[in-house]
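Step one of this worksheet: look at the structure below.
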Amino acid sequence: MSLAAAALLLGAPAALSAQARTTITGTVRGPNGQPVSSARVVVAGTTTGALTDNTGAYRLGVSGASGSTVTLRASAIGYGTQSATVTLNGATLTQNFQIAEQALALDAVVVTGSPTGQATRREVPNSVSTIRTAEVVENNSAITNVTAVLQSRVPGVQVMTQSGTEGTSPRVRIRGISSINAGSSPIYVIDGVRMNGASQTIFGVGGASQSASDAIHPADIESIEVIKGPAASTLYGADAANGVISITTKKGRAGQQRIQVLGRVSYGEQEFHGRTFTNYTLCTQGRVDSAGRNIVNTTYPGCAGVTPNNYITSDLLRSDPGALRTGQLRTYSVNATGGGERFGFFLSGNMDDNSGVVYNNEFSRISGRANFTVAPSDKLDANVNIGYARTENTLPLSDNASSGLTRNANRATPGRLNPYQVGWLNLSPAEINAFDNRTEADRFLLSGIVRWQPFTWFQNRLAGGFDYNSRTSQEFYARDEVGVAQSPQCGAGRCPFGLTAATGLRQQIRPLDRLYTVDYAGTITNDLPRDFSSTLTFGSQLISTRFGYIQGTSYGFAPGSVTLLGTGSTNTGNETYQDQRTIGFFAQETVGWRDRLFLTAGLRNDRNSAFGSEQEYALYPKLGASYVISEEPFFNVPGVDQFRLRAAWGRAGNAPAPYSAEQTFVPSAVITNEAGAVVGQGFFANTYGNPNLAAEQGEEYELGFDGSLLNGRVAVDFTYYNKTTNDALIPVPNPPSGGFPGAVNQNVGTINNRGTELTLSLLPIEARNFTWESRITGSTLRNRLVSFGGVRSDPIFSGFSVAGTGVILAEGRPLGQLFGTVPSLDASGNIRRGTPTANFPRGAIIANDTVYFGGSLPTNTLSWDNSFRIMRNLRLGFQFDRQGGGYQLNLTRRTRTMDRLVQEVLLRSTSSQADSLVYDMKLTGGGAQYIEKTDFVKLREVSASYSLPSRFTQRFGTDGVVFSLAGRNLFTWTDYTGVDPEVNADNSDFLLAETNAVPPSRRVTASITVRF
């Protein structure tokens, strides 16, 4: 044997020893010894880690020379971090952790606003709110979508409800409304890639709309982070001015050897939880005498047998069995989590089958998710996340829809003979419940992230994915043989939806959304002299959005024939396509000192295809500072554990819609001359275009502090922000001589939002058998349209203009301010009146003076969330939600008054000045009286869960069984006199009216969860 071979053999054990693998096991427990599930145990400075199971146990493998040391860190959302140094032995060893509950965890990793997704909270200079979604959903089975998770849990986030119809979702606004024409919706990110979160309703009904975020089942979400400040500019640039909502789904972890299976079944009911109305009819002698005749809208069968000049009443929503029902809520979920030494997985399947409180309102969702994690080496790991959802939603003819259920009930005249049913206005439930409006959607979400750390100082992160959303929306009206056979056709109003629909009609739109994301970030870290550190991140991002649809309409189906598109006597169709791209490059440097002071500077350069030809790019800088002053030796404040000061400034964009900058023309199939003769085909001018069009520039600074007191029992997070939209898109009327109609958007306006946000987390009691956690969040908001940029002096009137009411966009006023008229006064202070008439013997009131109110967004919010843990097995919780400072037009009350259905109007007496004034005021006293405050307090959530003791569950081979009961929207306290103060009429920031809405339903659900 050669000396070289001998040396090789002798060296082999040493080489093997260097590559030896140590298996580390242990548990992670809370302060009272309770196991902490989903806690993360990682080897500091590497990607190696494991996730604890339901018993708090973990297992991971670490490569390294026997005798060498590594540092392990254990952490969990809502808990602090504990570190331990262990010596590798090439075999097995045990390391246990006990971590304390902590409302303020400065060492917690935050995903949003960090280019690498691995920054600790102490480094980030701006506000980032985290919702422990898995815990929220586990304790409240009444939560069925993402917006319900967000509602009342994050200060500065406004959830604006259009309808309580099943399958519809509110609008989300962060720190106010920041745009007139470019939109104010935040962007959504799931597992590191962009997701479409916009409305996906095509054939909307009365303002109700569906959200694309509903494809994500709450049971699959681990956490949600909301970033509201300028740090979003580095990652998201031209789209981030309205904030970012980042969703992280559940995942398995490498080292999790044991497969955990969870199954959950829940059943619930929901009911109409809003004000309904009693309408009045005065049965005059003439109406009593007409009861036996059959003249639509003129005779009153309901007055038969009534003593003349007495009243009959009705509340049709409550009394007619065809109007409202008790809705059913069914959810079935199962998931499995597991893995091996170098891989982990999370698999899930969910099914929802819900029926609304209004007939013909259904929502179903079948979804699945497969998330995989693999770590081929300590330097390389990857995640692949796959989600699929199929949703089907049937929308009823309700809310603000013409001839909708709630409208026809609230405006019904009791006892009057109407075309379809006595007492109902126009259509009755029999016709309304035959309405067929449905949307079916197939949603596919794919994301992949690869992290490679070739050196301890150099990390690489490459993310990519796409969001594929294919939908079919349609309305269908069966052929009405009875109606079309009448002479004349549809005589006596017997075709509920008109003559065209009576011949049989189908209209269908098939939209297709595709959103692609490619994102690279490289990070170089260095330890510098004198306790300084440097983190330099650089990268680029490409976002591509494509949208298109094909629409077809057919009507005039032959009796008994097929009713497919193209089979009617009249058929039409059209097609639309949009394509928009953004490419950005960014760099960010964070300099730290002694892990307590951090200074951050960043810059992003974006190019967007919607920019004008003269606008090549947009720059978005940011600056920030974070200082954990409590770690300084001179900081010695009794009772204060941690205290951090932070400040941030930055800019982000809000890109215009595709093709907004282009000058466009629309084709016309027929061109006629002055005599009306057809001379050929041609084009008409459509949009003027703007080659200088750019993204709106959102510029914001925020100041704040985080503090932890009394050994972690009290935590406070306070932020003041001032956000200004510069270069806001303002519509400027085109000159008539140019030949282009309408207006063109120019980047000249200024909009400002400013306010405060507060989160106070308390742990009043923490004992072995009883724990009480409490959380208070609050916010204030001041919104103003600062300037039109000199391009127009007249205000913009938006939304509606009903009886001297409306919405105004004017300089120096809140964006979308309500106004209304009030009675005018003469020189003596008396109400001015017009010429006396038979209906108004004293003369109608002249109401020409205008008063201004606020906008729809609340100017102050407050929520109080509490959780109680009793004897380890019983958990109780409740949440109160208060909002104030908002206004809206109560069109429900106004229309009922003008239809003379309210008692105050019917009780007038011309011989009594007081009664006459009430009557005159209701009908002619101006619109301001119908604008009301929308302040309210709601018992938003109540929950209770009980975990069976392990001595019982083990007999059945399970790890745990939990019984839960939850309620949502249980009680409302308000002075608002409409249906519900929380709903408004349309999917718009500026249509501030409630008109015959379906309110958020009162929900009660029960569930059982079994773990194996």
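Lettering and numbering for the structure tokens are positional, with chains as A, B, ... in the shown order, residues counted from 1 in each chain, and ligands counted from 1 in the shown order.
Proximity to Thr861 (chain A) at 6 Å, evaluated using only C-alpha atoms and with sequence-adjacent residues fewer than 2 positions away removed, yields Gly778, Ser779, Arg882 and Gln883 of chain A.
Once region 827-834 of chain A and its same-chain neighbours fewer than 2 positions away are set aside, A:Pro823, A:Ser824, A:Leu825, A:Pro836, A:Thr837, A:Arg842, A:Gly843, A:Ala844, A:Ile845, A:Ile846, A:Ala847 remain within 9 Å of it when counting only C-alpha atoms.
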Atoms kept (all heavy atoms) for selection, written as an mmCIF file, in the first residue's frame:
data_model
loop_
_atom_site.group_PDB
_atom_site.id
_atom_site.type_symbol
_atom_site.label_atom_id
_atom_site.label_comp_id
_atom_site.auth_asym_id
_atom_site.auth_seq_id
_atom_site.Cartn_x
_atom_site.Cartn_y
_atom_site.Cartn_z
ATOM 1 N N PRO A 823 -83.662 74.014 4.501
ATOM 2 C CA PRO A 823 -84.599 75.120 4.261
ATOM 3 C C PRO A 823 -83.909 76.474 4.283
ATOM 4 O O PRO A 823 -83.055 76.750 5.125
ATOM 5 C CB PRO A 823 -85.594 74.985 5.411
ATOM 6 C CG PRO A 823 -85.549 73.537 5.780
ATOM 7 C CD PRO A 823 -84.125 73.131 5.585
ATOM 8 N N SER A 824 -84.299 77.306 3.345
ATOM 9 C CA SER A 824 -83.789 78.672 3.300
ATOM 10 C C SER A 824 -84.601 79.544 4.260
ATOM 11 O O SER A 824 -85.801 79.326 4.469
ATOM 12 C CB SER A 824 -83.889 79.231 1.882
ATOM 13 O OG SER A 824 -83.194 78.402 0.977
ATOM 14 N N LEU A 825 -83.946 80.538 4.826
ATOM 15 C CA LEU A 825 -84.592 81.432 5.796
ATOM 16 C C LEU A 825 -84.674 82.843 5.230
ATOM 17 O O LEU A 825 -83.801 83.290 4.478
ATOM 18 C CB LEU A 825 -83.801 81.434 7.106
ATOM 19 C CG LEU A 825 -83.566 80.083 7.790
ATOM 20 C CD1 LEU A 825 -82.745 80.247 9.064
ATOM 21 C CD2 LEU A 825 -84.877 79.373 8.086
ATOM 22 N N PRO A 836 -98.970 78.319 -1.921
ATOM 23 C CA PRO A 836 -99.804 77.234 -1.368
ATOM 24 C C PRO A 836 -100.451 76.407 -2.470
ATOM 25 O O PRO A 836 -100.853 76.917 -3.521
ATOM 26 C CB PRO A 836 -100.848 77.990 -0.540
ATOM 27 C CG PRO A 836 -100.182 79.281 -0.188
ATOM 28 C CD PRO A 836 -99.349 79.639 -1.397
ATOM 29 N N THR A 837 -100.531 75.091 -2.219
ATOM 30 C CA THR A 837 -101.183 74.164 -3.131
ATOM 31 C C THR A 837 -102.089 73.252 -2.324
ATOM 32 O O THR A 837 -102.133 73.318 -1.091
ATOM 33 C CB THR A 837 -100.150 73.317 -3.886
ATOM 34 O OG1 THR A 837 -99.448 72.499 -2.939
ATOM 35 C CG2 THR A 837 -99.164 74.174 -4.651
ATOM 36 N N ARG A 842 -99.794 75.447 3.188
ATOM 37 C CA ARG A 842 -98.963 76.564 3.650
ATOM 38 C C ARG A 842 -97.831 76.871 2.677
ATOM 39 O O ARG A 842 -97.007 77.751 2.937
ATOM 40 C CB ARG A 842 -98.381 76.243 5.028
ATOM 41 C CG ARG A 842 -99.452 75.982 6.097
ATOM 42 C CD ARG A 842 -98.819 75.602 7.433
ATOM 43 N NE ARG A 842 -97.949 76.653 7.915
ATOM 44 C CZ ARG A 842 -96.953 76.462 8.784
ATOM 45 N NH1 ARG A 842 -96.709 75.243 9.231
ATOM 46 N NH2 ARG A 842 -96.219 77.465 9.196
ATOM 47 N N GLY A 843 -97.764 76.099 1.593
ATOM 48 C CA GLY A 843 -96.696 76.275 0.617
ATOM 49 C C GLY A 843 -95.546 75.335 0.888
ATOM 50 O O GLY A 843 -95.170 75.103 2.042
ATOM 51 N N ALA A 844 -94.987 74.776 -0.192
ATOM 52 C CA ALA A 844 -93.834 73.878 -0.037
ATOM 53 C C ALA A 844 -92.636 74.656 0.485
ATOM 54 O O ALA A 844 -92.453 75.841 0.179
ATOM 55 C CB ALA A 844 -93.512 73.224 -1.369
ATOM 56 N N ILE A 845 -91.833 74.008 1.297
ATOM 57 C CA ILE A 845 -90.624 74.640 1.842
ATOM 58 C C ILE A 845 -89.603 74.837 0.726
ATOM 59 O O ILE A 845 -89.385 73.949 -0.101
ATOM 60 C CB ILE A 845 -90.033 73.772 2.965
ATOM 61 C CG1 ILE A 845 -90.992 73.754 4.168
ATOM 62 C CG2 ILE A 845 -88.660 74.268 3.379
ATOM 63 C CD1 ILE A 845 -90.563 72.810 5.273
ATOM 64 N N ILE A 846 -88.997 75.995 0.706
ATOM 65 C CA ILE A 846 -87.929 76.282 -0.249
ATOM 66 C C ILE A 846 -86.599 75.916 0.414
ATOM 67 O O ILE A 846 -86.228 76.486 1.442
ATOM 68 C CB ILE A 846 -87.936 77.757 -0.659
ATOM 69 C CG1 ILE A 846 -89.251 78.092 -1.373
ATOM 70 C CG2 ILE A 846 -86.739 78.077 -1.554
ATOM 71 C CD1 ILE A 846 -89.405 79.566 -1.698
ATOM 72 N N ALA A 847 -85.929 74.923 -0.166
ATOM 73 C CA ALA A 847 -84.663 74.448 0.417
ATOM 74 C C ALA A 847 -83.560 74.647 -0.609
ATOM 75 O O ALA A 847 -83.285 73.770 -1.432
ATOM 76 C CB ALA A 847 -84.787 72.985 0.817
#
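For the pair CA of Asn753 (chain A) and CA of Phe853 (chain A), the interatomic distance is 17.5 Å.
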Would you compute the distance between CA of Thr133 (chain A) and CA of Asp706 (chain A)? Give it in Å to one decimal.
21.8 Å
Quick one: residues within 10 Å of Tyr516 (chain A), only C-alpha atoms, excluding same-chain residues fewer than 3 positions away - as a ChimeraX atom specification?
/A:193-195,446-447,464-468,542-546,581
For Ser169 (chain A), list every protein, DNA or RNA residue within 8 Å, evaluated using only C-alpha atoms, and leave out those in the same chain fewer than 4 positions away; present the list as a VMD selection string.
chain A and resid 147 161 to 163 208 to 211 214
Here is a test: counting only C-alpha atoms, which residue of A:Asp320, A:Asp579, A:Asp480, A:Glu696 is nearest to Leu515 (chain A)?
A:Asp579
